[in-house]
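The structure appears right after this line, and notes come after that.
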Amino acid sequence: MTPLDPRLYLVLDPVHGPADPLAVVHAAVEGGVTAVQVRAPAATGRALFDATRAVVAALAGTGVAVIVDDRLDVALAAGADGVHLGRHDVPPAQARRIAGSGLSIGWSVTGPGDLRAADPAVVDLLGIGPVFATATKPDAAPATGLDGLRTLADGARALGVPSVAIGGIDAGNAGDVLAAGVDGLAVSSAIAAAPDPGAAARALRAAPLG
Ligand SMILES: Cc1ncc(COP(=O)(O)OP(=O)(O)O)c(N)n1
Ligand SMILES: Cc1ncsc1CCOP(=O)(O)O
Ligand SMILES: [Mg+2]
């Protein structure tokens, strides 16, 4: 299993997203992306499996972890490095029981209740957000803003679990987001919909702390 380096975490829909998702993945990794999540909320299980297999093959040997959103079964079947779970998915403790220690397990934090539900003995990463408004997830919880993010990031640190911020993050706000105390940035449209995904990733990695 490749460990998840949270510094710049690309969330990509290879099924209904960019025309050439593997080209985006390669360019983004070249630009400094450290982890890739396959998130395809409208895809069938089979399409998600096929897409994940392709991303796993594309990133073999690079040290970049591949994570599957929502679906523990697909993550295991496709040989991914992890799964990202939220409150509508299999509970993390059950996922850990099935997967053992060989899978990274992420957990979504939209507010204090999700933080209280996070067991540091079970989850490896917290995804906090949305921080700002986002068109990528129409059913997202209300935005935390930077102050809300700071509070939740403090809570993650107190738990001893690394965290990333997600939702509406781009090179213009990345420094302020990192200054709120998270370990990394999770980004979809700012990279996947950019005309030059590699340059977009480089700009995010270069963002000075706000
Ligand atoms: C890193 C990361 N953080 C949060 C989310 C959101 O997950 P969730 O709340 O389960 O919503 P969906 O992504 O499933 O629509 C995430 N995917 N990744
Ligand atoms: C999956 C997800 N969860 C909370 S916000 C979000 C979407 C992030 O996408 P973008 O970086 O385009 O705002
Ligand atoms: Mg999910």
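In the structure tokens, the first chain shown is A, the next is B, and so on; residue numbers restart at 1 for each chain, and ligands run from 1 in the order shown.
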Item to complete: Around ligand 1, at most 10 Å away and counting only C-alpha atoms and all ligand atoms, which residues are there? Put them as a PyMOL selection string, please.
Response: chain A and resi 6+9-12+35-42+67-71+83-89+106-110+125-130+136-141+163-167+184-188
Quick one: write out the picked residues with N, CA and C atoms as a compact mmCIF listing (two decimals), in the first residue's frame?
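Here's the written file result31.txt:
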# COMPACT_ATOMS: atom_id res chain seq x y z
N PRO A 6 -0.76 13.89 2.14
CA PRO A 6 -1.93 14.76 1.97
C PRO A 6 -1.65 16.16 1.41
N TYR A 9 -3.99 16.95 -2.80
CA TYR A 9 -4.81 15.76 -3.01
C TYR A 9 -5.83 16.09 -4.11
N LEU A 10 -5.63 15.48 -5.28
CA LEU A 10 -6.54 15.72 -6.41
C LEU A 10 -7.76 14.82 -6.31
N VAL A 11 -8.95 15.42 -6.41
CA VAL A 11 -10.21 14.66 -6.42
C VAL A 11 -10.74 14.73 -7.85
N LEU A 12 -10.81 13.57 -8.51
CA LEU A 12 -11.06 13.56 -9.95
C LEU A 12 -12.21 12.62 -10.30
N ALA A 35 -1.54 12.87 -4.03
CA ALA A 35 -2.53 11.79 -3.85
C ALA A 35 -3.67 12.05 -4.82
N VAL A 36 -4.33 10.97 -5.25
CA VAL A 36 -5.44 11.11 -6.20
C VAL A 36 -6.64 10.33 -5.69
N GLN A 37 -7.77 11.01 -5.61
CA GLN A 37 -9.04 10.33 -5.26
C GLN A 37 -9.89 10.17 -6.52
N VAL A 38 -10.36 8.95 -6.74
CA VAL A 38 -11.30 8.68 -7.82
C VAL A 38 -12.70 8.86 -7.24
N ARG A 39 -13.37 9.91 -7.67
CA ARG A 39 -14.71 10.24 -7.15
C ARG A 39 -15.64 10.40 -8.34
N ALA A 40 -16.55 9.47 -8.51
CA ALA A 40 -17.46 9.49 -9.66
C ALA A 40 -18.87 9.20 -9.15
N PRO A 41 -19.52 10.22 -8.54
CA PRO A 41 -20.78 9.96 -7.84
C PRO A 41 -21.91 9.44 -8.73
N ALA A 42 -21.84 9.72 -10.05
CA ALA A 42 -22.93 9.27 -10.92
C ALA A 42 -22.58 8.00 -11.69
N ILE A 67 -7.04 6.73 -4.01
CA ILE A 67 -8.11 6.57 -3.03
C ILE A 67 -9.44 6.53 -3.79
N VAL A 68 -10.38 5.72 -3.34
CA VAL A 68 -11.72 5.66 -3.96
C VAL A 68 -12.72 6.33 -3.03
N ASP A 69 -13.56 7.20 -3.58
CA ASP A 69 -14.60 7.83 -2.78
C ASP A 69 -15.75 6.86 -2.55
N ASP A 70 -16.22 6.78 -1.35
CA ASP A 70 -17.45 6.08 -0.95
C ASP A 70 -17.40 4.55 -0.91
N ARG A 71 -16.74 3.93 -1.90
CA ARG A 71 -16.96 2.50 -2.14
C ARG A 71 -15.78 1.65 -1.67
N VAL A 83 -9.75 4.38 0.87
CA VAL A 83 -11.15 4.73 0.59
C VAL A 83 -11.46 5.98 1.40
N HIS A 84 -12.29 6.86 0.82
CA HIS A 84 -12.74 8.03 1.57
C HIS A 84 -14.23 7.87 1.88
N LEU A 85 -14.57 7.89 3.16
CA LEU A 85 -15.94 7.61 3.60
C LEU A 85 -16.58 8.85 4.21
N GLY A 86 -17.89 8.94 4.02
CA GLY A 86 -18.68 10.00 4.63
C GLY A 86 -19.85 9.38 5.36
N ARG A 87 -20.74 10.22 5.87
CA ARG A 87 -21.80 9.72 6.76
C ARG A 87 -22.83 8.86 6.03
N HIS A 88 -22.83 8.83 4.68
CA HIS A 88 -23.77 7.98 3.95
C HIS A 88 -23.14 6.64 3.52
N ASP A 89 -21.91 6.43 3.94
CA ASP A 89 -21.19 5.24 3.49
C ASP A 89 -21.06 4.21 4.63
N GLY A 106 -10.20 7.51 4.93
CA GLY A 106 -10.48 8.92 5.14
C GLY A 106 -11.91 9.11 5.62
N TRP A 107 -12.16 10.23 6.30
CA TRP A 107 -13.49 10.51 6.87
C TRP A 107 -13.82 11.98 6.64
N SER A 108 -15.05 12.24 6.21
CA SER A 108 -15.49 13.62 5.92
C SER A 108 -15.93 14.33 7.18
N VAL A 109 -15.45 15.55 7.35
CA VAL A 109 -15.84 16.38 8.49
C VAL A 109 -16.47 17.67 7.95
N THR A 110 -17.78 17.81 8.20
CA THR A 110 -18.47 19.03 7.78
C THR A 110 -18.77 19.94 8.97
N LEU A 125 -7.17 9.99 7.88
CA LEU A 125 -7.19 11.35 7.32
C LEU A 125 -8.59 11.92 7.45
N LEU A 126 -8.67 13.21 7.78
CA LEU A 126 -9.95 13.90 7.83
C LEU A 126 -10.01 14.88 6.66
N GLY A 127 -11.12 14.86 5.93
CA GLY A 127 -11.36 15.82 4.85
C GLY A 127 -12.35 16.85 5.36
N ILE A 128 -11.89 18.07 5.61
CA ILE A 128 -12.73 19.09 6.24
C ILE A 128 -13.28 20.04 5.18
N GLY A 129 -14.61 20.19 5.15
CA GLY A 129 -15.19 21.12 4.19
C GLY A 129 -16.66 20.86 3.96
N PRO A 130 -17.25 21.56 3.00
CA PRO A 130 -16.57 22.50 2.12
C PRO A 130 -16.17 23.78 2.85
N THR A 136 -18.78 21.65 -7.61
CA THR A 136 -18.42 20.25 -7.85
C THR A 136 -19.31 19.30 -7.05
N LYS A 137 -19.79 19.78 -5.89
CA LYS A 137 -20.65 18.92 -5.04
C LYS A 137 -21.91 19.71 -4.70
N PRO A 138 -22.95 19.58 -5.53
CA PRO A 138 -24.17 20.38 -5.31
C PRO A 138 -24.86 20.08 -3.97
N ASP A 139 -24.67 18.88 -3.43
CA ASP A 139 -25.31 18.53 -2.15
C ASP A 139 -24.38 18.72 -0.95
N ALA A 140 -23.40 19.57 -1.11
CA ALA A 140 -22.45 19.77 -0.01
C ALA A 140 -23.11 20.48 1.16
N ALA A 141 -22.58 20.27 2.34
CA ALA A 141 -23.01 20.97 3.56
C ALA A 141 -22.66 22.46 3.41
N SER A 163 -5.19 16.22 8.43
CA SER A 163 -6.41 16.71 7.79
C SER A 163 -6.07 17.43 6.49
N VAL A 164 -7.05 17.41 5.58
CA VAL A 164 -7.00 18.26 4.38
C VAL A 164 -8.27 19.09 4.36
N ALA A 165 -8.17 20.26 3.76
CA ALA A 165 -9.34 21.09 3.51
C ALA A 165 -9.83 20.83 2.10
N ILE A 166 -11.15 20.97 1.90
CA ILE A 166 -11.72 20.72 0.57
C ILE A 166 -12.87 21.69 0.32
N GLY A 167 -13.07 22.03 -0.97
CA GLY A 167 -14.23 22.83 -1.36
C GLY A 167 -13.86 24.25 -1.75
N GLY A 184 -2.97 19.67 4.30
CA GLY A 184 -2.96 19.68 2.85
C GLY A 184 -4.25 20.22 2.27
N LEU A 185 -4.26 20.28 0.93
CA LEU A 185 -5.39 20.82 0.18
C LEU A 185 -5.96 19.72 -0.70
N ALA A 186 -7.28 19.55 -0.66
CA ALA A 186 -7.95 18.63 -1.58
C ALA A 186 -8.69 19.49 -2.61
N VAL A 187 -8.41 19.22 -3.87
CA VAL A 187 -8.82 20.12 -4.94
C VAL A 187 -9.37 19.33 -6.12
N SER A 188 -10.50 19.76 -6.65
CA SER A 188 -11.00 19.13 -7.86
C SER A 188 -10.92 20.09 -9.05
Item to complete: Just the residues within 6 Å of Ala143 (chain A), please, counting only C-alpha atoms, with nothing from its chain fewer than 2 positions along; format it as a PyMOL selection string.
Response: chain A and resi 130-132+145
Item to complete: Would you list, as a list of chain:residue names, the residues of region 7-123 of chain A that end up in strand (DSSP E) under DSSP run on this structure's backbone?
Response: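 The residues of region 7-123 of chain A classed as strand (DSSP E) are A:Leu8, A:Tyr9, A:Leu10, A:Val11, A:Leu12, A:Ala35, A:Val36, A:Gln37, A:Val38, A:Ala65, A:Val66, A:Ile67, A:Val68, A:Asp69, A:Gly82, A:Val83, A:His84, A:Leu85, A:Ser104, A:Ile105, A:Gly106, A:Trp107, A:Ser108, A:Val109.
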For Ser101 (chain A), find every residue with an atom within 12 Å (counting only C-alpha atoms), except residues of its own chain fewer than 2 positions away, and show them as a CSV table (one decimal) with N, CA and C atoms, in the first residue's frame.
chain,number,residue,atom,x,y,z
A,1,MET,N,0.8,-1.2,0.0
A,1,MET,CA,0.0,0.0,0.0
A,1,MET,C,0.9,1.3,0.0
A,3,PRO,N,1.4,4.9,1.1
A,3,PRO,CA,0.8,5.8,2.1
A,3,PRO,C,0.3,7.1,1.4
A,81,ASP,N,-5.2,2.2,-2.8
A,81,ASP,CA,-4.5,2.4,-1.5
A,81,ASP,C,-5.4,2.8,-0.4
A,82,GLY,N,-6.6,3.3,-0.7
A,82,GLY,CA,-7.5,3.8,0.4
A,82,GLY,C,-8.9,4.0,-0.1
A,93,ALA,N,-15.4,2.1,11.1
A,93,ALA,CA,-14.9,1.0,12.0
A,93,ALA,C,-15.2,-0.3,11.2
A,95,ALA,N,-15.4,-0.7,8.0
A,95,ALA,CA,-14.5,-0.7,6.8
A,95,ALA,C,-13.1,-1.2,7.3
A,96,ARG,N,-12.7,-0.7,8.5
A,96,ARG,CA,-11.4,-1.1,9.0
A,96,ARG,C,-11.4,-2.6,9.3
A,97,ARG,N,-12.5,-3.1,9.9
A,97,ARG,CA,-12.6,-4.5,10.2
A,97,ARG,C,-12.4,-5.4,8.9
A,98,ILE,N,-13.0,-4.9,7.8
A,98,ILE,CA,-12.9,-5.7,6.6
A,98,ILE,C,-11.6,-5.5,5.9
A,99,ALA,N,-11.1,-4.3,5.9
A,99,ALA,CA,-9.9,-4.0,5.1
A,99,ALA,C,-8.6,-4.3,5.9
A,103,LEU,N,-5.3,-0.5,4.2
A,103,LEU,CA,-6.0,0.5,3.4
A,103,LEU,C,-6.1,1.8,4.2
A,104,SER,N,-5.8,2.9,3.6
A,104,SER,CA,-6.0,4.2,4.2
A,104,SER,C,-7.5,4.5,4.2
A,105,ILE,N,-7.9,5.0,5.4
A,105,ILE,CA,-9.4,5.3,5.5
A,105,ILE,C,-9.5,6.8,5.8
A,121,ALA,N,-8.2,5.9,16.2
A,121,ALA,CA,-7.7,4.5,16.1
A,121,ALA,C,-8.1,3.9,14.7
A,122,VAL,N,-9.1,4.5,14.1
A,122,VAL,CA,-9.6,3.9,12.8
A,122,VAL,C,-9.3,4.8,11.6
A,123,VAL,N,-9.4,6.1,11.7
A,123,VAL,CA,-9.3,6.9,10.5
A,123,VAL,C,-7.9,7.5,10.4
A,124,ASP,N,-7.4,7.6,9.1
A,124,ASP,CA,-6.1,8.0,8.8
A,124,ASP,C,-6.0,9.5,8.4
Tell me, as a short mmCIF file (atom, residue, chain, number, x, y, z; two decimals) with N, CA and C atoms, in the first residue's frame, which residues lie within 10 Å of Ala23 (chain A), counting only C-alpha atoms; anything in the same chain fewer than 5 positions away does not count.
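The resulting result.cif:
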data_model
loop_
_atom_site.label_atom_id
_atom_site.label_comp_id
_atom_site.auth_asym_id
_atom_site.auth_seq_id
_atom_site.Cartn_x
_atom_site.Cartn_y
_atom_site.Cartn_z
N PRO A 18 -13.06 15.17 -17.00
CA PRO A 18 -12.29 15.60 -18.18
C PRO A 18 -12.28 14.54 -19.28
N ALA A 28 -1.02 16.40 -13.51
CA ALA A 28 -1.19 16.89 -12.14
C ALA A 28 -0.09 16.34 -11.23
N VAL A 29 0.24 15.07 -11.41
CA VAL A 29 1.30 14.46 -10.59
C VAL A 29 2.65 15.10 -10.94
N ALA A 58 -1.87 3.61 -13.90
CA ALA A 58 -1.15 4.80 -14.36
C ALA A 58 -0.17 5.32 -13.30
N PRO A 197 -3.53 21.49 -16.33
CA PRO A 197 -3.60 20.92 -14.98
C PRO A 197 -2.25 20.87 -14.27
N GLY A 198 -1.18 20.69 -15.02
CA GLY A 198 0.15 20.64 -14.41
C GLY A 198 0.52 22.00 -13.82
#
Item to complete: From a DSSP pass on the backbone, collect the residues of region 12-99 of chain A flagged as helix (DSSP H, G or I) and hand them back as a PyMOL selection string.
Response: chain A and resi 21-30+45-59+72-77+92-99
Discussion item. For region 201-209 of chain A, find every residue with an atom within 8 Å (counting only C-alpha atoms), except residues of its own chain fewer than 4 positions away, and show them as a PyMOL selection string.
Written reply: chain A and resi 8+28-29+31-33+170-172+174-176+178-179+191+197
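Here CA of Ala80 (chain A) is placed at a distance of 5.4 Å from CA of Val66 (chain A).
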Worksheet item: Which residue out of A:Val182, A:Val24, A:Gly160, A:Arg46 has the minimum interatomic distance to Ala199 (chain A) when only C-alpha atoms are used?
Response: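 Once distances to Ala199 (chain A) are computed over only C-alpha atoms, the minimum belongs to A:Val24.
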Show which residues sit within 8 Å of Thr2 (chain A), as a CSV table (one decimal) with N, CA and C atoms, in the first residue's frame. Count only C-alpha atoms, and ignore same-chain residues fewer than 5 positions away.
chain,number,residue,atom,x,y,z
A,63,GLY,N,4.6,6.4,-6.2
A,63,GLY,CA,4.5,6.9,-4.8
A,63,GLY,C,3.3,7.7,-4.5
A,64,VAL,N,2.4,7.8,-5.5
A,64,VAL,CA,1.2,8.6,-5.3
A,64,VAL,C,0.0,7.7,-5.0
A,65,ALA,N,-0.6,7.8,-3.8
A,65,ALA,CA,-1.7,6.9,-3.4
A,65,ALA,C,-2.9,7.2,-4.2
A,81,ASP,N,-5.2,2.2,-2.8
A,81,ASP,CA,-4.5,2.4,-1.5
A,81,ASP,C,-5.4,2.8,-0.4
Fill in: Pick from A:Ala193, A:Val90, A:Val25, A:Ala135 nearest to Ala54 (chain A), counting only C-alpha atoms
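Closest to Ala54 (chain A) of all the choices is A:Val25.
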